[in-house]
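Asker: Please read through the structure below; I'll follow up with questions.
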Amino acid sequence: MTKRIVKIGLIQTKVSESLQGNITKTAKLVEEALKKGANVVCLQELYNAPYFPQYAKFDAEKYLEDLQGPSFQALSPLAKKYNAVIIVPIFERFKKNRNYNTALVINTDGKPLKPYRKMHIPHDPGFYEKYYFAEGEDDGYQVYKTKYGVIAVLICFDQWFPEAARAVSLKGADMIFYPTAIGYLKGFQVNKDQGDWHDAWELTQRSHAIDNSVVVAAANRVGTEGKLEFWGQSFVSGPFGKIMARASKSKDEALVVEVDLALNKYVADGWGFRDNRRPKSYQSLIVEKKKRTSKLRDSEYFKESQKLLGEK
């Protein structure tokens, strides 16, 4: 088995209210990862802004960016200098009343590739994203053929949907990157004997790695913002679901992990999942989208978390 070695860099940081300050700090960590040999570097979701969707009402105008705005201007030269691919999640200014949670992908020549716009938008206490982001287009799953392999980017809430991971893997993705902003809601207690939010988050992404025989990399922020305690622990999983490396729970970090993409095909051939798929039997998965009902607002989780946030 001929090896296909790639070094992945994941950047996790605490975020301030200063857009430019966040960009400057992150750019330094990106360069740190690149000096360590990283070929593909991924930043966390909304890396240069506080996680403002935790509030139902927040003036986030100053964090809007064009695709070739301050983030691109700061990181494009690094991509070109180090011959690397950099994944940069931003709050994209698109047009009036229609902005996106977007991943800008900068290629090794410093030029932008087609952006990926987050497809699945949550709307729960502490995660009121539908107030700020439009949903990505129905054909919006992107894969990028780079010199380091075929990569795909899915953003945060997308990670809970196996269909998204399957879609990009069938398009040829070797690596799936999940820029993320997730943590615990302060005071929200879960019976540890029954499970844990963090463990579920990590496990579902490791499952995508196994199901699709791909490398999965998740970059998550750290620090406390309002009522959210972000748990960090950015990680890379191989196609067997094994955690190759994991960052800390609380520190700014440039995690660099070496992976062998040749293992993907070896694992895929062993499991035989793709060869034994039966797409015609999956037609029931294609259903008309239904609007969310009041059942969510009647749920125990919704009421408890809304109370903790001091909302009505």
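By convention in this document, the chains of the structure tokens carry letters A, B, ... by their order, each chain's residues are numbered from 1, and ligands are numbered from 1 in the order they are shown.
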Would you please give, as number ranges by chain, all residues of region 57-295 of chain A that DSSP assigns to helix (DSSP H, G or I) based on the backbone?
Answerer: A: 61-63, 70-82, 129-131, 156-160, 162-170, 197-212, 262-271, 279-285
Asker: Quick one: write out the picked residues with C-alpha atoms as a PDB file, in the first residue's frame?
Answerer:
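What follows is the written file again.pdb:
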ATOM      1  CA  GLU A  61     -23.489  43.867  11.152  1.00  0.00           C
ATOM      2  CA  LYS A  62     -19.840  44.621  11.910  1.00  0.00           C
ATOM      3  CA  TYR A  63     -18.914  40.955  11.543  1.00  0.00           C
ATOM      4  CA  PRO A  70     -10.369  41.126   5.631  1.00  0.00           C
ATOM      5  CA  SER A  71     -10.129  37.374   6.240  1.00  0.00           C
ATOM      6  CA  PHE A  72      -9.195  36.626   2.660  1.00  0.00           C
ATOM      7  CA  GLN A  73      -6.704  39.495   2.582  1.00  0.00           C
ATOM      8  CA  ALA A  74      -4.995  38.215   5.743  1.00  0.00           C
ATOM      9  CA  LEU A  75      -4.871  34.502   4.904  1.00  0.00           C
ATOM     10  CA  SER A  76      -4.533  34.344   1.133  1.00  0.00           C
ATOM     11  CA  PRO A  77      -0.837  35.364   1.254  1.00  0.00           C
ATOM     12  CA  LEU A  78      -0.149  32.588   3.767  1.00  0.00           C
ATOM     13  CA  ALA A  79      -1.808  29.974   1.552  1.00  0.00           C
ATOM     14  CA  LYS A  80       0.352  31.078  -1.367  1.00  0.00           C
ATOM     15  CA  LYS A  81       3.564  31.442   0.651  1.00  0.00           C
ATOM     16  CA  TYR A  82       3.327  27.961   2.198  1.00  0.00           C
ATOM     17  CA  GLU A 129     -28.990  30.760  13.727  1.00  0.00           C
ATOM     18  CA  LYS A 130     -32.075  31.133  11.544  1.00  0.00           C
ATOM     19  CA  TYR A 131     -32.262  34.767  12.650  1.00  0.00           C
ATOM     20  CA  CYS A 156     -21.118  22.598  12.604  1.00  0.00           C
ATOM     21  CA  PHE A 157     -24.815  21.539  12.608  1.00  0.00           C
ATOM     22  CA  ASP A 158     -24.181  19.778   9.288  1.00  0.00           C
ATOM     23  CA  GLN A 159     -22.169  17.246  11.282  1.00  0.00           C
ATOM     24  CA  TRP A 160     -25.318  15.693  12.756  1.00  0.00           C
ATOM     25  CA  PRO A 162     -25.229  11.509   7.862  1.00  0.00           C
ATOM     26  CA  GLU A 163     -26.692  12.408   4.479  1.00  0.00           C
ATOM     27  CA  ALA A 164     -24.298  15.350   4.152  1.00  0.00           C
ATOM     28  CA  ALA A 165     -21.222  13.237   4.891  1.00  0.00           C
ATOM     29  CA  ARG A 166     -22.428  10.553   2.491  1.00  0.00           C
ATOM     30  CA  ALA A 167     -23.094  13.114  -0.248  1.00  0.00           C
ATOM     31  CA  VAL A 168     -19.563  14.515  -0.213  1.00  0.00           C
ATOM     32  CA  SER A 169     -17.947  11.097   0.139  1.00  0.00           C
ATOM     33  CA  LEU A 170     -19.820   9.874  -2.935  1.00  0.00           C
ATOM     34  CA  TRP A 197     -23.229  16.147  24.698  1.00  0.00           C
ATOM     35  CA  HIS A 198     -19.516  16.227  23.921  1.00  0.00           C
ATOM     36  CA  ASP A 199     -19.202  12.463  23.605  1.00  0.00           C
ATOM     37  CA  ALA A 200     -22.171  12.389  21.226  1.00  0.00           C
ATOM     38  CA  TRP A 201     -20.632  15.186  19.147  1.00  0.00           C
ATOM     39  CA  GLU A 202     -17.343  13.372  18.762  1.00  0.00           C
ATOM     40  CA  LEU A 203     -18.914   9.961  18.248  1.00  0.00           C
ATOM     41  CA  THR A 204     -21.194  11.017  15.413  1.00  0.00           C
ATOM     42  CA  GLN A 205     -18.273  12.438  13.440  1.00  0.00           C
ATOM     43  CA  ARG A 206     -16.147   9.372  14.045  1.00  0.00           C
ATOM     44  CA  SER A 207     -19.103   7.376  12.730  1.00  0.00           C
ATOM     45  CA  HIS A 208     -19.099   9.429   9.528  1.00  0.00           C
ATOM     46  CA  ALA A 209     -15.420   8.573   9.127  1.00  0.00           C
ATOM     47  CA  ILE A 210     -16.198   4.856   9.430  1.00  0.00           C
ATOM     48  CA  ASP A 211     -19.365   4.887   7.308  1.00  0.00           C
ATOM     49  CA  ASN A 212     -17.607   6.664   4.462  1.00  0.00           C
ATOM     50  CA  ALA A 262      -4.068   5.536   1.335  1.00  0.00           C
ATOM     51  CA  LEU A 263      -5.753   3.938   4.333  1.00  0.00           C
ATOM     52  CA  ASN A 264      -9.125   5.255   3.108  1.00  0.00           C
ATOM     53  CA  LYS A 265      -9.288   2.907   0.127  1.00  0.00           C
ATOM     54  CA  TYR A 266      -7.913   0.002   2.132  1.00  0.00           C
ATOM     55  CA  VAL A 267     -10.677   0.434   4.720  1.00  0.00           C
ATOM     56  CA  ALA A 268     -13.352   1.052   2.066  1.00  0.00           C
ATOM     57  CA  ASP A 269     -12.402  -2.161   0.253  1.00  0.00           C
ATOM     58  CA  GLY A 270     -12.526  -4.049   3.536  1.00  0.00           C
ATOM     59  CA  TRP A 271     -16.000  -2.883   4.584  1.00  0.00           C
ATOM     60  CA  PRO A 279     -30.026   3.626  -3.631  1.00  0.00           C
ATOM     61  CA  LYS A 280     -33.499   2.680  -4.910  1.00  0.00           C
ATOM     62  CA  SER A 281     -34.413   1.433  -1.451  1.00  0.00           C
ATOM     63  CA  TYR A 282     -33.615   4.849   0.036  1.00  0.00           C
ATOM     64  CA  GLN A 283     -36.357   6.773  -1.769  1.00  0.00           C
ATOM     65  CA  SER A 284     -38.288   7.276   1.470  1.00  0.00           C
ATOM     66  CA  LEU A 285     -35.465   9.546   2.617  1.00  0.00           C
TER      67      LEU A 285
END
Asker: Which residues are close to region 147-152 of chain A, i.e. within 6 Å by only C-alpha atoms, leaving aside same-chain residues fewer than 2 positions away? Reply as a tab-separated table (two decimals) with C-alpha atoms, in the first residue's frame.
Answerer:
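Final output, selection_32.tsv:
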chain	number	residue	atom	x	y	z
A	143	VAL	CA	-15.80	18.97	-2.95
A	144	TYR	CA	-12.46	20.53	-3.80
A	145	LYS	CA	-9.79	18.72	-5.80
A	173	ALA	CA	-13.95	13.41	-0.72
A	174	ASP	CA	-10.87	12.00	1.01
A	175	MET	CA	-11.20	14.38	3.97
A	176	ILE	CA	-14.24	16.04	5.54
Asker: Which residue, A:Ser213, A:Ser237, A:Thr102, A:Asn97, has the smallest gap to Phe273 (chain A) when you use only C-alpha atoms?
Answerer: A:Ser213
Asker: Between A:Phe161, A:Phe91, A:Phe127, A:Phe235, which residue has the minimum interatomic distance to Glu45 (chain A), considering only C-alpha atoms?
Answerer: A:Phe91
Asker: To one decimal place, how far is CA of Lys192 (chain A) from CA of Pro50 (chain A) in Å?
Answerer: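 The value is 28.8 Å.
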Asker: Tell me, as a list in words, which residues lie within 8 Å of Pro179 (chain A), counting only C-alpha atoms; anything in the same chain fewer than 3 positions away does not count.
Answerer: Cys42, Leu43, Gln44, Glu45, Pro89, Val153, Leu154, Ile155, Cys156, Ala218, Ala219 and Asn220 of chain A
Asker: Using only C-alpha atoms, which protein or nucleic acid residues come within 7 Å of Asn107 (chain A)? Drop anything in the same chain fewer than 2 positions from it, and give the result as number ranges by chain.
Answerer: A: 79, 84-86, 105, 109-113
Asker: Would you mind exporting the chosen residues as a JSON list (two decimals), in the first residue's frame, restricted to C-alpha atoms?
Answerer:
[["chain", "number", "residue", "atom", "x", "y", "z"],
["A", 79, "ALA", "CA", -1.81, 29.97, 1.55],
["A", 84, "ALA", "CA", -1.29, 25.27, 1.49],
["A", 85, "VAL", "CA", -5.08, 25.11, 1.47],
["A", 86, "ILE", "CA", -6.83, 27.18, 4.16],
["A", 105, "VAL", "CA", -11.66, 27.85, 0.76],
["A", 109, "ASP", "CA", -2.13, 29.70, -5.24],
["A", 110, "GLY", "CA", -3.85, 32.09, -2.83],
["A", 111, "LYS", "CA", -7.00, 32.19, -4.93],
["A", 112, "PRO", "CA", -10.49, 31.44, -3.58],
["A", 113, "LEU", "CA", -12.40, 28.35, -4.65]]
Asker: To one decimal in Å, tell me the separation between CA of Thr108 (chain A) and CA of Ala254 (chain A).
Answerer: 19.2 Å
Asker: Please give the complete set of residues from region 143-230 of chain A that DSSP, run on the backbone, assigns to strand (DSSP E), formatted as a ChimeraX atom specification.
Answerer: /A:143-146,149-153,175-180,183-185,215-220,222-225,228-230
Asker: May I have the residues within 6 Å of region 13-26 of chain A as a ChimeraX atom specification, using only C-alpha atoms and disregarding those fewer than 6 positions away in the same chain?
Answerer: /A:48-50,221-223,252
Asker: From the list A:Asp275, A:Glu311, A:Glu300, A:Glu32, which residue is nearest Leu255 (chain A) when using only C-alpha atoms?
Answerer: A:Glu32
